[in-house]
file entry.cif (mmCIF, C-alpha atoms)
data_query
loop_
_atom_site.label_atom_id
_atom_site.label_comp_id
_atom_site.auth_asym_id
_atom_site.auth_seq_id
_atom_site.Cartn_x
_atom_site.Cartn_y
_atom_site.Cartn_z
CA MET B 16 50.72 57.73 -7.88
CA SER B 17 53.63 55.48 -6.93
CA THR B 18 55.02 52.78 -9.18
CA SER B 19 54.58 49.96 -6.61
CA LEU B 20 53.30 46.52 -7.61
CA VAL B 21 49.86 46.61 -9.21
CA TYR B 22 47.32 43.79 -8.54
CA THR B 23 44.21 42.83 -10.35
CA VAL B 24 40.97 42.47 -8.39
CA ALA B 25 41.01 38.71 -8.89
CA GLU B 26 44.61 38.49 -7.60
CA ILE B 27 43.74 40.42 -4.44
CA ASN B 28 40.69 38.24 -3.80
CA GLN B 29 42.71 35.06 -4.42
CA GLN B 30 45.44 36.10 -1.98
CA VAL B 31 42.86 37.00 0.67
CA ARG B 32 41.23 33.61 0.14
CA THR B 33 44.59 31.90 0.62
CA LEU B 34 45.13 33.78 3.90
CA LEU B 35 41.68 32.79 5.15
CA LEU B 36 42.18 29.12 4.29
CA GLU B 37 45.61 29.04 5.95
CA ASN B 38 44.46 30.72 9.18
CA PHE B 39 40.94 29.27 9.52
CA SER B 40 41.21 25.65 8.42
CA GLU B 41 38.13 24.60 10.44
CA VAL B 42 35.96 26.48 12.94
CA ILE B 43 32.90 25.73 15.08
CA VAL B 44 30.34 28.52 14.89
CA ARG B 45 26.94 28.88 16.51
CA GLY B 46 24.21 31.29 15.50
CA GLU B 47 20.71 31.68 14.14
CA ILE B 48 19.69 30.75 10.59
CA SER B 49 18.22 33.56 8.47
CA GLY B 50 17.18 33.76 4.81
CA LEU B 51 17.55 30.03 4.12
CA LYS B 52 17.27 29.17 0.41
CA GLN B 53 17.23 25.59 -0.88
CA TYR B 54 17.98 25.48 -4.60
CA ALA B 55 16.97 22.78 -7.07
CA SER B 56 20.61 21.68 -7.16
CA GLY B 57 20.24 20.62 -3.52
CA HIS B 58 22.63 23.29 -2.15
CA TRP B 59 21.68 25.48 0.83
CA TYR B 60 22.52 29.17 1.15
CA PHE B 61 21.68 31.23 4.23
CA THR B 62 22.97 33.77 6.73
CA LEU B 63 24.19 32.83 10.19
CA LYS B 64 23.74 35.69 12.64
CA ASP B 65 23.83 36.66 16.29
CA PRO B 66 22.77 39.91 17.98
CA ASP B 67 26.02 41.66 16.94
CA SER B 68 26.90 40.39 13.47
CA GLU B 69 26.14 38.02 10.61
CA ILE B 70 28.01 35.98 8.00
CA ARG B 71 26.90 34.33 4.76
CA CYS B 72 27.03 30.52 4.60
CA ALA B 73 26.85 27.80 1.96
CA MET B 74 26.21 24.09 2.55
CA PHE B 75 26.47 21.90 -0.51
CA ARG B 76 24.29 18.90 -1.24
CA ASN B 77 26.88 16.20 -0.47
CA ARG B 78 27.08 17.64 3.06
CA ASN B 79 23.50 18.70 3.84
CA GLN B 80 22.20 15.23 2.99
CA ARG B 81 23.77 14.06 6.25
CA VAL B 82 21.85 16.58 8.40
CA SER B 83 19.37 14.71 10.61
CA PHE B 84 16.80 17.53 10.81
CA VAL B 85 15.13 20.07 8.49
CA PRO B 86 16.51 23.54 9.28
CA GLN B 87 14.19 26.56 9.29
CA ASP B 88 14.68 30.30 9.56
CA GLY B 89 15.16 31.21 13.21
CA ASP B 90 16.71 27.84 14.23
CA ALA B 91 19.69 28.07 16.57
CA VAL B 92 22.40 25.77 15.24
CA ARG B 93 26.02 24.85 15.70
CA VAL B 94 28.04 24.32 12.52
CA ARG B 95 31.48 22.97 11.67
CA ALA B 96 32.85 24.93 8.73
CA ARG B 97 35.84 26.37 6.96
CA VAL B 98 36.22 30.08 6.18
CA ASP B 99 36.37 30.72 2.45
CA LEU B 100 36.21 33.64 0.02
CA TYR B 101 33.88 33.75 -2.97
CA VAL B 102 36.44 35.19 -5.40
CA GLN B 103 33.96 36.35 -8.06
CA ARG B 104 32.21 38.69 -5.59
CA GLY B 105 34.98 39.33 -3.14
CA SER B 106 32.82 38.29 -0.18
CA TYR B 107 33.88 35.80 2.42
CA GLN B 108 31.59 33.03 3.67
CA LEU B 109 31.44 29.85 5.71
CA VAL B 110 31.42 26.59 3.76
CA ILE B 111 29.64 24.28 6.21
CA GLU B 112 30.66 20.66 6.63
CA ASP B 113 28.27 19.63 9.42
CA MET B 114 25.27 21.08 11.26
CA GLU B 115 23.32 20.19 14.38
CA PRO B 116 20.74 22.00 16.52
CA GLU B 117 22.27 24.11 19.25
CA GLY B 118 22.31 22.13 22.46
CA ARG B 119 22.30 18.65 20.83
CA GLY B 120 26.05 18.30 21.21
CA GLU B 121 25.81 18.74 24.96
CA LEU B 122 22.88 16.33 25.05
CA LEU B 123 24.85 13.71 23.11
CA ARG B 124 27.75 14.15 25.48
CA ARG B 125 25.49 13.54 28.50
CA LEU B 126 23.98 10.49 26.82
CA GLU B 127 27.43 9.07 26.12
CA GLU B 128 28.39 9.63 29.77
CA LEU B 129 25.18 7.88 30.91
CA LYS B 130 25.81 5.02 28.49
CA ALA B 131 29.35 4.56 29.79
CA ARG B 132 28.19 4.65 33.42
CA LEU B 133 25.42 2.10 32.86
CA ARG B 134 27.78 -0.12 30.89
CA ASP B 135 30.29 -0.01 33.75
CA GLU B 136 27.51 -1.06 36.14
CA GLY B 137 26.95 -4.15 33.96
CA LEU B 138 23.44 -3.26 32.72
CA PHE B 139 24.47 -4.05 29.14
CA ASP B 140 26.34 -7.32 29.85
CA LEU B 141 25.43 -10.27 27.66
CA GLN B 142 25.33 -12.55 30.72
CA ARG B 143 22.29 -10.63 32.03
CA LYS B 144 20.26 -11.03 28.87
CA GLN B 145 17.46 -13.62 28.86
CA ALA B 146 16.70 -16.02 26.06
CA LEU B 147 13.46 -15.52 24.20
CA PRO B 148 10.81 -18.26 24.55
CA PRO B 149 10.51 -20.30 21.34
CA TYR B 150 6.70 -20.52 21.36
CA PRO B 151 5.17 -17.64 23.37
CA MET B 152 1.42 -17.82 23.99
CA MET B 153 1.06 -14.35 25.56
CA ILE B 154 2.98 -11.43 24.03
CA GLY B 155 2.95 -8.04 25.76
CA VAL B 156 3.43 -4.74 23.94
CA ILE B 157 4.41 -1.50 25.65
CA THR B 158 3.70 1.39 23.29
CA SER B 159 1.24 4.14 22.48
CA ALA B 160 -2.34 2.83 22.22
CA ASP B 161 -3.04 4.83 19.07
CA GLY B 162 0.37 4.66 17.40
CA ALA B 163 1.36 2.96 14.17
CA ALA B 164 3.83 0.74 16.05
CA LEU B 165 1.00 -1.16 17.78
CA ARG B 166 -0.76 -1.76 14.46
CA ASP B 167 2.47 -3.00 12.85
CA VAL B 168 3.15 -5.40 15.75
CA ALA B 169 -0.45 -6.73 15.78
CA ARG B 170 -0.48 -7.22 12.01
CA THR B 171 2.86 -9.08 12.08
CA LEU B 172 1.78 -11.37 14.96
CA ARG B 173 -1.52 -12.22 13.20
CA ARG B 174 0.46 -13.17 10.13
CA ARG B 175 3.25 -15.15 11.81
CA TRP B 176 1.88 -16.54 15.10
CA PRO B 177 -1.92 -16.17 15.32
CA VAL B 178 -2.22 -18.58 18.26
CA ALA B 179 -0.62 -16.08 20.63
CA ARG B 180 -2.69 -13.53 22.55
CA LEU B 181 -1.68 -9.87 22.59
CA CYS B 182 -1.61 -7.90 25.83
CA VAL B 183 -1.16 -4.14 25.44
CA TYR B 184 0.26 -1.90 28.16
CA PRO B 185 -0.47 1.64 26.91
CA SER B 186 2.19 4.25 27.57
CA ARG B 187 3.33 7.63 26.41
CA VAL B 188 6.30 7.35 24.06
CA GLN B 189 7.19 11.03 23.56
CA GLY B 190 7.41 14.13 25.72
CA GLU B 191 8.33 14.92 29.28
CA GLU B 192 5.80 12.50 30.78
CA ALA B 193 6.96 9.58 28.62
CA PRO B 194 9.78 8.21 30.90
CA ALA B 195 7.51 7.93 33.95
CA SER B 196 4.75 6.40 31.83
CA LEU B 197 7.13 3.83 30.34
CA VAL B 198 8.49 2.87 33.78
CA GLU B 199 4.94 2.46 35.09
CA ALA B 200 3.98 0.23 32.14
CA LEU B 201 7.09 -1.93 32.65
CA ALA B 202 6.30 -2.27 36.35
CA LEU B 203 2.69 -3.25 35.59
CA ALA B 204 3.80 -5.89 33.08
CA SER B 205 6.30 -7.28 35.61
CA ARG B 206 3.64 -7.47 38.35
CA ASP B 207 1.12 -9.17 36.05
CA ASN B 208 3.71 -11.72 34.98
CA ARG B 209 1.23 -12.98 32.37
CA CYS B 210 3.38 -12.47 29.30
CA ASP B 211 6.00 -14.84 27.97
CA VAL B 212 7.82 -11.97 26.21
CA LEU B 213 7.52 -8.17 26.09
CA ILE B 214 7.97 -5.80 23.14
CA LEU B 215 8.90 -2.17 23.84
CA ALA B 216 8.04 -0.38 20.58
CA ARG B 217 7.77 3.03 19.00
CA GLY B 218 7.63 4.24 15.40
CA GLY B 219 10.23 6.45 13.79
CA GLY B 220 10.88 10.02 14.86
CA SER B 221 13.50 12.67 15.31
CA PHE B 222 16.38 12.45 17.76
CA GLU B 223 14.40 14.49 20.29
CA ASP B 224 11.28 12.32 19.85
CA LEU B 225 13.23 9.21 20.95
CA LEU B 226 14.91 10.75 24.01
CA ALA B 227 12.44 9.09 26.39
CA PHE B 228 13.96 5.71 25.53
CA SER B 229 17.40 6.92 26.64
CA ASP B 230 16.16 8.12 30.03
CA GLU B 231 18.10 6.49 32.89
CA THR B 232 14.96 5.37 34.78
CA VAL B 233 13.59 3.69 31.66
CA VAL B 234 16.89 1.96 30.91
CA ARG B 235 17.13 0.64 34.48
CA ALA B 236 13.51 -0.55 34.37
CA VAL B 237 14.21 -2.41 31.12
CA ALA B 238 17.33 -4.02 32.58
CA ALA B 239 15.43 -5.08 35.74
CA CYS B 240 12.42 -6.49 33.88
CA PRO B 241 12.06 -10.22 34.77
CA ILE B 242 10.32 -10.98 31.47
CA PRO B 243 12.39 -11.33 28.27
CA LEU B 244 12.13 -8.00 26.47
CA ILE B 245 12.67 -6.95 22.86
CA SER B 246 13.20 -3.29 21.94
CA GLY B 247 11.92 -2.06 18.59
CA ILE B 248 12.46 1.70 18.66
CA GLY B 249 12.28 3.93 15.59
CA HIS B 250 13.79 2.99 12.27
CA GLU B 251 16.79 0.82 11.53
CA THR B 252 19.30 3.64 11.98
CA ASP B 253 17.81 4.89 15.28
CA THR B 254 19.53 3.75 18.49
CA SER B 255 18.55 4.48 22.08
CA LEU B 256 20.01 3.28 25.39
CA VAL B 257 17.17 0.80 26.00
CA ASP B 258 18.45 -1.09 22.92
CA PHE B 259 21.59 -1.94 24.90
CA ALA B 260 19.68 -2.93 28.07
CA ALA B 261 17.02 -5.00 26.30
CA ASP B 262 17.48 -8.74 25.93
CA VAL B 263 17.15 -8.43 22.14
CA ARG B 264 17.32 -5.32 19.98
CA ALA B 265 15.22 -5.14 16.78
CA ALA B 266 15.53 -2.50 14.08
CA THR B 267 11.79 -1.65 13.91
CA PRO B 268 8.54 -2.58 15.71
CA THR B 269 7.75 -5.00 12.88
CA ALA B 270 11.16 -6.63 13.27
CA ALA B 271 10.56 -6.88 17.03
CA ALA B 272 7.29 -8.74 16.42
CA GLU B 273 9.13 -11.10 14.06
CA GLN B 274 11.81 -11.70 16.73
CA ALA B 275 9.16 -12.45 19.38
CA SER B 276 7.13 -14.91 17.32
CA PRO B 277 7.96 -18.05 15.40
CA ASP B 278 6.75 -18.36 11.85
CA ALA B 279 3.67 -20.60 12.06
CA THR B 280 3.82 -21.36 8.36
CA ALA B 281 7.46 -22.46 8.58
CA LEU B 282 6.69 -24.54 11.68
CA LYS B 283 3.82 -26.20 9.87
CA ARG B 284 6.09 -27.05 6.93
CA GLN B 285 8.71 -28.39 9.34
CA GLY B 286 6.07 -30.46 11.16
CA LEU B 287 4.86 -31.90 7.89
CA ARG B 288 8.42 -32.81 6.95
CA LEU B 289 8.97 -34.50 10.33
CA LEU B 290 5.65 -36.30 10.04
CA GLY B 291 6.61 -37.53 6.60
CA ARG B 292 9.95 -38.78 7.92
CA LEU B 293 8.16 -40.49 10.83
CA HIS B 294 5.75 -42.18 8.44
CA SER B 295 8.64 -43.32 6.27
CA PHE B 296 10.50 -44.68 9.31
CA LEU B 297 7.42 -46.47 10.63
CA GLY B 298 6.71 -47.85 7.18
CA LEU B 299 10.22 -49.24 6.88
CA ARG B 300 10.07 -50.66 10.38
CA LEU B 301 6.72 -52.30 9.71
CA LYS B 302 8.09 -53.82 6.52
CA GLN B 303 11.03 -55.22 8.46
CA VAL B 304 8.70 -56.70 11.10
CA HIS B 305 6.50 -58.15 8.39
CA ARG B 306 9.49 -59.70 6.71
CA GLU B 307 10.65 -61.23 9.97
CA LEU B 308 7.16 -62.55 10.64
CA ASP B 309 6.94 -63.90 7.12
CA THR B 310 10.27 -65.65 7.57
CA GLN B 311 9.16 -67.32 10.79
CA ASP B 312 5.79 -68.15 9.29
CA HIS B 313 7.47 -69.60 6.24
CA ARG B 314 9.57 -71.86 8.41
CA LEU B 315 6.47 -73.04 10.20
CA GLU B 316 4.67 -73.60 6.95
CA LEU B 317 7.52 -75.67 5.59
CA ALA B 318 7.10 -77.95 8.55
CA HIS B 319 3.30 -78.14 8.24
CA PRO B 320 1.50 -80.56 5.89
CA ALA B 321 -0.83 -77.79 4.61
CA ALA B 322 2.10 -75.55 3.56
CA ARG B 323 1.38 -75.87 -0.13
CA ILE B 324 -2.29 -74.98 0.39
CA ARG B 325 -1.38 -71.91 2.38
CA GLY B 326 1.18 -71.01 -0.28
CA HIS B 327 -1.54 -71.07 -2.90
CA GLN B 328 -3.79 -69.09 -0.61
CA GLN B 329 -1.05 -66.52 -0.13
CA ARG B 330 -0.49 -66.21 -3.85
CA LEU B 331 -4.26 -65.86 -4.29
CA ASP B 332 -4.31 -63.09 -1.69
CA GLU B 333 -1.42 -61.32 -3.38
CA THR B 334 -3.08 -61.64 -6.75
CA SER B 335 -6.35 -60.34 -5.30
CA GLU B 336 -4.51 -57.40 -3.73
CA ARG B 337 -2.79 -56.58 -6.99
CA LEU B 338 -6.11 -56.86 -8.80
CA VAL B 339 -7.73 -54.49 -6.30
CA GLN B 340 -4.81 -52.08 -6.66
CA MET B 341 -5.08 -52.23 -10.43
CA LEU B 342 -8.82 -51.59 -10.23
CA HIS B 343 -8.23 -48.67 -7.89
CA GLN B 344 -5.56 -47.23 -10.14
CA ARG B 345 -7.73 -47.63 -13.20
CA MET B 346 -10.66 -46.08 -11.39
CA GLU B 347 -8.48 -43.14 -10.31
CA ARG B 348 -7.30 -42.65 -13.90
CA ARG B 349 -10.92 -42.76 -15.10
CA GLN B 350 -11.97 -40.29 -12.43
CA HIS B 351 -9.11 -38.02 -13.41
CA GLN B 352 -10.09 -38.23 -17.09
CA LEU B 353 -13.71 -37.61 -16.14
CA ALA B 354 -12.70 -34.52 -14.14
CA LEU B 355 -10.67 -33.24 -17.10
CA SER B 356 -13.58 -33.84 -19.47
CA HIS B 357 -15.92 -32.12 -17.03
CA ARG B 358 -13.66 -29.06 -16.88
CA ARG B 359 -13.39 -28.98 -20.67
CA LEU B 360 -17.16 -29.30 -20.96
CA LEU B 361 -17.61 -26.44 -18.52
CA ALA B 362 -15.11 -24.40 -20.51
CA CYS B 363 -17.17 -25.02 -23.69
CA SER B 364 -20.52 -24.49 -21.97
CA PRO B 365 -22.82 -22.08 -23.89
CA LYS B 366 -24.26 -20.68 -20.66
CA PRO B 367 -21.74 -17.81 -20.30
CA ARG B 368 -22.11 -16.96 -23.99
CA LEU B 369 -25.93 -17.11 -23.74
CA ALA B 370 -25.79 -14.86 -20.69
CA ARG B 371 -23.64 -12.38 -22.61
CA LEU B 372 -25.99 -12.58 -25.62
CA GLU B 373 -29.02 -12.08 -23.39
CA GLN B 374 -27.35 -9.08 -21.86
CA ALA B 375 -26.53 -7.76 -25.36
CA VAL B 376 -30.16 -8.36 -26.51
CA GLN B 377 -31.43 -6.55 -23.42
CA GLN B 378 -29.10 -3.64 -24.15
CA CYS B 379 -30.27 -3.61 -27.81
CA ARG B 380 -33.90 -3.67 -26.63
CA TRP B 381 -33.20 -0.72 -24.35
CA ARG B 382 -31.50 1.12 -27.21
CA ILE B 383 -34.39 0.35 -29.64
CA ASN B 384 -36.95 1.54 -27.10
CA ALA B 385 -34.96 4.69 -26.51
CA ALA B 386 -34.50 5.25 -30.26
CA THR B 387 -38.23 4.59 -30.88
CA GLN B 388 -39.21 7.07 -28.23
CA ASN B 389 -36.77 9.63 -29.60
CA LEU B 390 -38.07 9.04 -33.19
CA HIS B 391 -41.70 9.24 -32.02
CA GLN B 392 -40.98 12.48 -30.22
CA THR B 393 -39.12 13.84 -33.28
CA LEU B 394 -41.95 12.89 -35.68
CA ARG B 395 -44.54 14.34 -33.28
CA THR B 396 -42.57 17.57 -33.17
CA ARG B 397 -42.22 17.65 -36.96
CA LEU B 398 -45.97 16.88 -37.35
CA GLU B 399 -46.88 19.69 -35.03
CA GLN B 400 -44.58 22.05 -36.93
CA ALA B 401 -46.04 20.92 -40.33
CA SER B 402 -49.60 21.21 -38.97
CA GLY B 403 -48.85 24.73 -37.81
CA THR B 404 -47.39 25.62 -41.19
CA LEU B 405 -50.33 24.03 -43.07
CA GLU B 406 -52.82 25.75 -40.90
CA ALA B 407 -51.04 29.05 -41.48
CA VAL B 408 -51.48 28.73 -45.31
CA SER B 409 -54.93 27.02 -45.22
CA PRO B 410 -57.62 28.71 -47.37
CA LEU B 411 -60.03 28.19 -44.48
CA ARG B 412 -58.19 30.87 -42.60
CA THR B 413 -58.77 33.19 -45.57
CA LEU B 414 -62.46 32.35 -45.53
CA GLU B 415 -62.66 33.18 -41.82
CA ARG B 416 -61.46 36.70 -42.65
CA GLY B 417 -64.55 37.29 -44.93
CA TYR B 418 -63.42 35.97 -48.28
CA ALA B 419 -65.37 33.38 -50.35
CA ILE B 420 -64.48 30.80 -53.00
CA ALA B 421 -66.71 30.67 -56.09
CA THR B 422 -67.04 27.35 -57.98
CA LEU B 423 -68.97 26.98 -61.24
CA LYS B 424 -71.05 23.89 -61.79
CA THR B 425 -69.99 22.19 -65.05
CA PRO B 426 -70.73 18.75 -66.52
CA SER B 427 -67.20 17.73 -65.73
CA GLY B 428 -67.51 18.87 -62.14
CA PRO B 429 -66.98 22.00 -60.04
CA GLU B 430 -64.63 24.58 -61.59
CA LEU B 431 -62.99 27.40 -59.64
CA ILE B 432 -64.04 30.84 -60.95
CA ARG B 433 -60.99 33.03 -61.39
CA LYS B 434 -62.20 35.41 -64.16
CA THR B 435 -65.58 36.86 -65.23
CA GLY B 436 -65.19 35.39 -68.68
CA GLN B 437 -65.79 31.92 -67.24
CA THR B 438 -69.48 32.73 -66.55
CA ARG B 439 -72.57 33.81 -68.44
CA VAL B 440 -75.80 35.32 -67.26
CA GLY B 441 -77.99 32.58 -65.87
CA ASP B 442 -75.16 30.28 -64.76
CA THR B 443 -75.42 28.96 -61.22
CA PHE B 444 -72.45 28.72 -58.94
CA ASP B 445 -71.59 28.02 -55.29
CA LEU B 446 -69.99 30.40 -52.84
CA GLN B 447 -68.03 28.62 -50.12
CA VAL B 448 -67.74 30.63 -46.92
CA SER B 449 -66.22 29.77 -43.54
CA ASP B 450 -69.27 27.90 -42.18
CA GLY B 451 -70.76 26.37 -45.39
CA SER B 452 -71.69 27.16 -49.00
CA ILE B 453 -74.29 29.39 -50.76
CA SER B 454 -75.88 28.70 -54.19
CA ALA B 455 -76.05 31.80 -56.47
CA GLU B 456 -76.96 32.72 -60.08
CA VAL B 457 -75.12 35.09 -62.44
CA THR B 458 -77.40 38.02 -63.28
CA GLU B 459 -74.76 40.43 -64.57
CA THR B 460 -71.01 40.54 -65.27
#

call {"tool": "encode", "arguments": {"input": "entry.cif", "output": "structure tokens"}}
result
Amino acid sequence: MSTSLVYTVAEINQQVRTLLLENFSEVIVRGEISGLKQYASGHWYFTLKDPDSEIRCAMFRNRNQRVSFVPQDGDAVRVRARVDLYVQRGSYQLVIEDMEPEGRGELLRRLEELKARLRDEGLFDLQRKQALPPYPMMIGVITSADGAALRDVARTLRRRWPVARLCVYPSRVQGEEAPASLVEALALASRDNRCDVLILARGGGSFEDLLAFSDETVVRAVAACPIPLISGIGHETDTSLVDFAADVRAATPTAAAEQASPDATALKRQGLRLLGRLHSFLGLRLKQVHRELDTQDHRLELAHPAARIRGHQQRLDETSERLVQMLHQRMERRQHQLALSHRRLLACSPKPRLARLEQAVQQCRWRINAATQNLHQTLRTRLEQASGTLEAVSPLRTLERGYAIATLKTPSGPELIRKTGQTRVGDTFDLQVSDGSISAEVTET
């Protein structure tokens, strides 16, 4: 063996890793996912393969959180990665920075080209966009008849602007038939010309689910629509080409409904404020007119012989008015105090407590009845058991088997004969059998 330089395994792996990093700073690789494992740490590990070869891959959590779809085994993807070496095992792998389904990149490129072409034609110009009506009475919605977007729009309009009527133009919002269906619904709404504003809406979905709203025919139909149109497609982060052609773009269907409708509650508050200001202005103006009239009247009164009488009459009227106001105020205070006393009296009313007590008494009655029935049943059972036991040890049962009980007649009463020494010849005694008694006399012992 030669005496050339000797490396450790770790040194060899580290140098190979350095070569890989220097020569493959970043690569774009396409292939099929196999053996995908998603660990609790959030990191993804899988194999990227094609018909001829395969390579192990790792995509860490801070990168895979940006992926817009959920990858599965068998998915064809395109990844942007750097070639690295796992030094501990000596195996090289791809550390993935970004991932997208195979074919999406080309689709995005075509969409960007279409967007640029339509923008150059002026379809997205601000000068073409129509202003929304402030108080629409007929609001049209172009969406799926059974989708959540329609329910969100209807619920929002009922809450904000219930005076408006809702006109629905059902359409497909996903799939190959969706663009033609959307164009047909837009054309129908334009021919009807019944709506003050239109809402083009769809709930959230994947990038592919929203492609119908980036179709060129749909975008041109939106731009040509004579009715002011609001787009509410997907979630806040979703963007389609109709958002650029629409007169107003909303983040969600609910936001589109809010854009299309004024807030009836806010308008009511504003109307009340304006009405209050109008009342205040009219009140001030009336006071000014009254003062001017009073001034002219006063001048006339000064020139009239009955001025002093009218002055007294005026003071009497003012005093009467103040008296009436004082009476009204006092009556209002009394009514307020009476209402407070009434509420306190209701709060102290025994009726709720009596109702609760009656309910408690009824429950106690039910419990007593149940306990009585249980006790009666228990006592009956115990009585039957005791009767059975008593009957089992009863002397009558003994008599039924042929035995007899002999009792001697004595001055002190009947005496049970247990031994022969208790009797003498000539004594009379009774024999009790099962069906009666027999009188007998002792003739011999």

call {"tool": "residues_around", "arguments": {"input": "entry.cif", "residues": "Thr458 of chain B", "least_positions_apart": "3", "cutoff": "10 Å", "atoms": "only C-alpha atoms", "output": "short mmCIF file (atom, residue, chain, number, x, y, z; two decimals) with C-alpha atoms, in the coordinates of the input"}}
result
data_model
loop_
_atom_site.label_atom_id
_atom_site.label_comp_id
_atom_site.auth_asym_id
_atom_site.auth_seq_id
_atom_site.Cartn_x
_atom_site.Cartn_y
_atom_site.Cartn_z
CA ARG B 439 -72.57 33.81 -68.44
CA VAL B 440 -75.80 35.32 -67.26
CA GLY B 441 -77.99 32.58 -65.87
CA ASP B 442 -75.16 30.28 -64.76
CA THR B 443 -75.42 28.96 -61.22
CA ALA B 455 -76.05 31.80 -56.47
#

call {"tool": "residues_around", "arguments": {"input": "entry.cif", "residues": "segment 182-196 of chain B", "least_positions_apart": "4", "cutoff": "10 Å", "atoms": "all atoms listed in the file", "output": "PyMOL selection string"}}
result
chain B and resi 153-162+165+200-204+209-210+213-218+220+223-234+248

call {"tool": "atom_distance", "arguments": {"input": "entry.cif", "atom1": "atom CA of Ile70 of chain B", "atom2": "atom CA of Leu109 of chain B"}}
result
7.4 Å

call {"tool": "atom_distance", "arguments": {"input": "entry.cif", "atom1": "atom CA of Ala96 of chain B", "atom2": "atom CA of Glu41 of chain B"}}
result
5.6 Å

call {"tool": "atom_distance", "arguments": {"input": "entry.cif", "atom1": "atom CA of Val31 of chain B", "atom2": "atom CA of Glu115 of chain B"}}
result
29.2 Å

call {"tool": "resolve_selection", "arguments": {"input": "entry.cif", "expression": "the PyMOL selection byres ((chain B and resi 244) around 6)", "output": "PyMOL selection string"}}
result
chain B and resi 212-214+243+245+261-262

call {"tool": "resolve_selection", "arguments": {"input": "entry.cif", "expression": "the PyMOL selection byres ((chain B and resi 130-138) around 8)", "output": "list in words"}}
result
Leu126, Glu127, Glu128, Leu129, Phe139, Asp140, Arg143, Arg235, Ala238, Leu256 and Ala260 of chain B

call {"tool": "resolve_selection", "arguments": {"input": "entry.cif", "expression": "the PyMOL selection byres ((chain B and resi 75) around 10)", "output": "list in words"}}
result
Gln53, Ser56, Gly57, His58, Trp59, Tyr60, Ala73, Met74, Arg76, Asn77, Arg78, Asn79, Gln80, Val110, Ile111 and Glu112 of chain B

call {"tool": "closest_residue", "arguments": {"input": "entry.cif", "among": "B:Ala91, B:Gln329, B:Arg284, B:Ser106", "to": "Asp309 of chain B", "atoms": "all atoms listed in the file"}}
result
B:Gln329

call {"tool": "closest_residue", "arguments": {"input": "entry.cif", "among": "B:Leu398, B:Ala271, B:Leu293, B:Val448", "to": "Pro410 of chain B", "atoms": "only C-alpha atoms"}}
result
B:Val448

call {"tool": "closest_residue", "arguments": {"input": "entry.cif", "among": "B:Gln108, B:Ser246, B:Gln285, B:Ser255", "to": "Ala272 of chain B", "atoms": "only C-alpha atoms"}}
result
B:Ser246

call {"tool": "closest_residue", "arguments": {"input": "entry.cif", "among": "B:Leu446, B:Ala370, B:Ala401, B:Cys240", "to": "Ala419 of chain B", "atoms": "only C-alpha atoms"}}
result
B:Leu446

call {"tool": "residues_around", "arguments": {"input": "entry.cif", "residues": "Phe444 of chain B", "least_positions_apart": "3", "cutoff": "7 Å", "atoms": "all atoms listed in the file", "output": "VMD selection string"}}
result
chain B and resid 421 to 424 454 to 456

call {"tool": "residues_around", "arguments": {"input": "entry.cif", "residues": "Gly219 of chain B", "least_positions_apart": "4", "cutoff": "8 Å", "atoms": "only C-alpha atoms", "output": "PDB file with C-alpha atoms, keeping the file's coordinate frame"}}
result
ATOM      1  CA  ILE B 248      12.460   1.700  18.660  1.00  0.00           C
ATOM      2  CA  GLY B 249      12.280   3.930  15.590  1.00  0.00           C
ATOM      3  CA  HIS B 250      13.790   2.990  12.270  1.00  0.00           C
ATOM      4  CA  ASP B 253      17.810   4.890  15.280  1.00  0.00           C
TER       5      ASP B 253
END

call {"tool": "closest_residue", "arguments": {"input": "entry.cif", "among": "B:Leu390, B:Leu36, B:Ile27, B:Leu297", "to": "Asp99 of chain B", "atoms": "only C-alpha atoms"}}
result
B:Leu36

call {"tool": "closest_residue", "arguments": {"input": "entry.cif", "among": "B:Leu361, B:Leu369, B:Arg175, B:Arg397", "to": "Ala281 of chain B", "atoms": "all atoms listed in the file"}}
result
B:Arg175
